[in-house]
Structures are given as structure tokens and as C-alpha cells.
Amino acid sequence: MKKVMGVMALCGVAMLAAGCEKTAKNGDTVVIDFAGFLGEEQFAGGTATDYSLKLGSGTFVPGFEEQLIGAKVGETRDVNITFPQNYVPNLAGKDVVFKVTIKDIQK
């Protein structure tokens, strides 16, 4: 019973029957925590907690949102992007990694 209760706590009672397999799709809003890294160093302005992001909105730099498609609640992904050349001078054209944790998926 403990395992079932853990699934219920993580996924919600409605998701229990579906086996907690809800995945993020284009048009969904994901609630995420993220931190951006240039090499091994976390960079200023690249971190947020409980951020609501509608996938497909084009809110983030190109390539970010697309890499969250198919993610599940509780999953952490490395999102690899290259900032555009016309971005903030110290990050323009640089390859960075965002550590992104999916906290919720809202359809």
C-alpha cells in the first residue's frame, strides 16, 4: 500500500489509473525549476523555481521548449542550447546547459 500511496501523492488520484504516465506535449503548461550552466559555472539570470512555461509559446530561446516535449512529472532533463548571437553579450553564441526539473504538467 505504501507504494500506491506514493504514486497517489506524486501523481494525484486521477493519474493513478493511468499509471502516472502523463507526458508534456506541445501546448501544455509545465511548471519547472531550472538552472543554467556555462561550462561548470551557473550563470546569473538563468535560474527560476516554479516557473510556468507553455510549451510551443516561443517564450524561451529556440530549442529550449522543444526539449521538454515527452518529459514526465519528477523528471530532470539537461536542455542543451546555443544562445543567439544577438543575446546578452557574455552569453551570445555560447553553448549552455539548463538543468530542468518538471514539477507539474497542466493540460
# chains A, B, ... in the order shown; residues from 1 in each chain; ligands from 1
>>> residues_around(residues="Phe60 in chain A", least_positions_apart="2", cutoff="12 Å", atoms="only C-alpha atoms", output="VMD selection string")
chain A and resid 46 51 to 58 62 to 68 79 81 to 84 87 98
>>> select_by_dssp(residues="range 7-107 of chain A", states="strand (DSSP E or B)", output="count of residues only")
45
>>> residues_around(residues="Gly70 in chain A", least_positions_apart="3", cutoff="8 Å", atoms="only C-alpha atoms", output="compact mmCIF listing (two decimals) with all heavy atoms, in the first residue's frame")
# COMPACT_ATOMS: atom_id res chain seq x y z
N THR A 23 2.72 12.83 -20.02
CA THR A 23 3.93 13.43 -20.57
C THR A 23 3.61 14.80 -21.14
O THR A 23 2.49 15.05 -21.58
CB THR A 23 4.56 12.54 -21.66
OG1 THR A 23 3.62 12.37 -22.71
CG2 THR A 23 4.99 11.19 -21.11
N ALA A 24 4.61 15.66 -21.15
CA ALA A 24 4.44 17.02 -21.65
C ALA A 24 4.31 17.02 -23.17
O ALA A 24 5.10 16.37 -23.87
CB ALA A 24 5.62 17.88 -21.22
N LYS A 25 3.32 17.74 -23.65
CA LYS A 25 3.08 17.87 -25.09
C LYS A 25 3.06 19.35 -25.46
O LYS A 25 2.84 20.20 -24.59
CB LYS A 25 1.75 17.22 -25.45
CG LYS A 25 1.71 15.72 -25.23
CD LYS A 25 0.35 15.14 -25.54
CE LYS A 25 0.29 13.65 -25.33
NZ LYS A 25 0.69 13.18 -24.03
>>> atom_distance(atom1="CA of Ile69 in chain A", atom2="CA of Ile102 in chain A")
10.8 Å
>>> atom_distance(atom1="CA of Ala44 in chain A", atom2="CA of Ile105 in chain A")
26.5 Å
>>> residues_around(residues="Ile32 in chain A", least_positions_apart="3", cutoff="10 Å", atoms="only C-alpha atoms", output="PyMOL selection string")
chain A and resi 29+48-53+73-74+76+99-105
>>> write_last_selection(atoms="all heavy atoms", output="compact mmCIF listing (two decimals), in the first residue's frame")
# COMPACT_ATOMS: atom_id res chain seq x y z
N THR A 29 1.19 23.41 -20.33
CA THR A 29 1.98 24.27 -19.47
C THR A 29 2.71 23.38 -18.47
O THR A 29 2.09 22.57 -17.80
CB THR A 29 1.11 25.30 -18.72
OG1 THR A 29 0.48 26.14 -19.70
CG2 THR A 29 1.93 26.15 -17.77
N ALA A 48 15.32 29.71 -12.10
CA ALA A 48 13.97 30.01 -11.62
C ALA A 48 13.39 28.78 -10.92
O ALA A 48 13.81 27.65 -11.18
CB ALA A 48 13.06 30.42 -12.76
N THR A 49 12.43 29.03 -10.05
CA THR A 49 11.72 27.99 -9.32
C THR A 49 10.23 28.17 -9.58
O THR A 49 9.73 29.30 -9.60
CB THR A 49 12.00 28.11 -7.81
OG1 THR A 49 13.41 28.01 -7.62
CG2 THR A 49 11.32 27.01 -7.02
N ASP A 50 9.53 27.07 -9.78
CA ASP A 50 8.08 27.07 -10.00
C ASP A 50 7.68 27.97 -11.16
O ASP A 50 6.67 28.69 -11.10
CB ASP A 50 7.33 27.47 -8.72
CG ASP A 50 7.48 26.45 -7.62
OD1 ASP A 50 7.61 25.25 -7.93
OD2 ASP A 50 7.48 26.85 -6.44
N TYR A 51 8.44 27.92 -12.24
CA TYR A 51 8.17 28.74 -13.42
C TYR A 51 7.16 28.01 -14.31
O TYR A 51 7.35 26.85 -14.66
CB TYR A 51 9.47 28.99 -14.21
CG TYR A 51 9.30 29.97 -15.33
CD1 TYR A 51 9.54 31.32 -15.14
CD2 TYR A 51 8.89 29.54 -16.60
CE1 TYR A 51 9.38 32.24 -16.17
CE2 TYR A 51 8.73 30.45 -17.63
CZ TYR A 51 8.96 31.79 -17.41
OH TYR A 51 8.79 32.69 -18.44
N SER A 52 6.08 28.69 -14.69
CA SER A 52 5.08 28.12 -15.59
C SER A 52 5.44 28.49 -17.02
O SER A 52 5.54 29.67 -17.36
CB SER A 52 3.68 28.65 -15.26
OG SER A 52 3.25 28.16 -14.01
N LEU A 53 5.64 27.48 -17.86
CA LEU A 53 6.04 27.67 -19.24
C LEU A 53 5.10 26.91 -20.16
O LEU A 53 4.96 25.69 -20.04
CB LEU A 53 7.47 27.17 -19.45
CG LEU A 53 8.00 27.14 -20.87
CD1 LEU A 53 8.08 28.55 -21.46
CD2 LEU A 53 9.36 26.45 -20.92
N VAL A 73 6.39 14.25 -15.04
CA VAL A 73 6.49 14.88 -13.73
C VAL A 73 7.56 14.16 -12.91
O VAL A 73 7.60 12.92 -12.88
CB VAL A 73 5.13 14.86 -12.99
CG1 VAL A 73 5.29 15.35 -11.56
CG2 VAL A 73 4.11 15.71 -13.73
N GLY A 74 8.45 14.92 -12.30
CA GLY A 74 9.52 14.37 -11.49
C GLY A 74 10.81 14.16 -12.26
O GLY A 74 11.86 13.94 -11.67
N THR A 76 14.11 15.05 -14.47
CA THR A 76 15.07 16.13 -14.65
C THR A 76 15.79 15.89 -15.97
O THR A 76 16.24 14.79 -16.24
CB THR A 76 16.09 16.20 -13.50
OG1 THR A 76 15.38 16.46 -12.28
CG2 THR A 76 17.11 17.30 -13.72
N LYS A 99 19.65 22.66 -16.41
CA LYS A 99 19.15 21.51 -15.65
C LYS A 99 17.70 21.85 -15.32
O LYS A 99 17.44 22.82 -14.59
CB LYS A 99 19.95 21.32 -14.36
CG LYS A 99 21.45 21.19 -14.58
CD LYS A 99 21.84 19.80 -14.88
CE LYS A 99 23.36 19.71 -14.96
NZ LYS A 99 23.79 18.54 -15.65
N VAL A 100 16.75 21.09 -15.87
CA VAL A 100 15.33 21.40 -15.76
C VAL A 100 14.60 20.24 -15.09
O VAL A 100 14.72 19.09 -15.52
CB VAL A 100 14.71 21.65 -17.15
CG1 VAL A 100 13.24 22.02 -17.03
CG2 VAL A 100 15.47 22.73 -17.91
N THR A 101 13.85 20.54 -14.03
CA THR A 101 13.04 19.55 -13.35
C THR A 101 11.57 19.87 -13.59
O THR A 101 11.13 21.00 -13.37
CB THR A 101 13.32 19.53 -11.83
OG1 THR A 101 14.71 19.21 -11.63
CG2 THR A 101 12.46 18.50 -11.12
N ILE A 102 10.83 18.86 -14.07
CA ILE A 102 9.39 19.01 -14.34
C ILE A 102 8.65 18.75 -13.03
O ILE A 102 8.71 17.66 -12.48
CB ILE A 102 8.90 18.01 -15.40
CG1 ILE A 102 9.75 18.09 -16.67
CG2 ILE A 102 7.42 18.23 -15.70
CD1 ILE A 102 9.71 19.38 -17.42
N LYS A 103 7.95 19.77 -12.55
CA LYS A 103 7.21 19.63 -11.28
C LYS A 103 5.73 19.36 -11.48
O LYS A 103 5.09 18.75 -10.63
CB LYS A 103 7.42 20.89 -10.44
CG LYS A 103 8.90 21.08 -10.08
CD LYS A 103 9.14 22.36 -9.35
CE LYS A 103 8.76 22.21 -7.89
NZ LYS A 103 9.07 23.43 -7.12
N ASP A 104 5.18 19.83 -12.62
CA ASP A 104 3.77 19.61 -12.91
C ASP A 104 3.55 19.80 -14.40
O ASP A 104 4.30 20.52 -15.06
CB ASP A 104 2.89 20.59 -12.12
CG ASP A 104 1.41 20.23 -12.14
OD1 ASP A 104 1.07 19.06 -12.41
OD2 ASP A 104 0.58 21.13 -11.90
N ILE A 105 2.53 19.14 -14.91
CA ILE A 105 2.11 19.30 -16.30
C ILE A 105 0.62 19.62 -16.28
O ILE A 105 -0.17 18.86 -15.73
CB ILE A 105 2.37 18.02 -17.12
CG1 ILE A 105 3.84 17.66 -17.12
CG2 ILE A 105 1.84 18.20 -18.56
CD1 ILE A 105 4.15 16.28 -17.69
>>> residues_around(residues="Gly39 in chain A", least_positions_apart="4", cutoff="10 Å", atoms="only C-alpha atoms", output="ChimeraX atom specification")
/A:43,94-97
>>> atom_distance(atom1="CA of Asn86 in chain A", atom2="CA of Val61 in chain A")
11.3 Å
>>> closest_residue(among="A:Leu91, A:Leu38, A:Gly27, A:Arg77", to="Gln106 in chain A", atoms="only C-alpha atoms")
A:Gly27
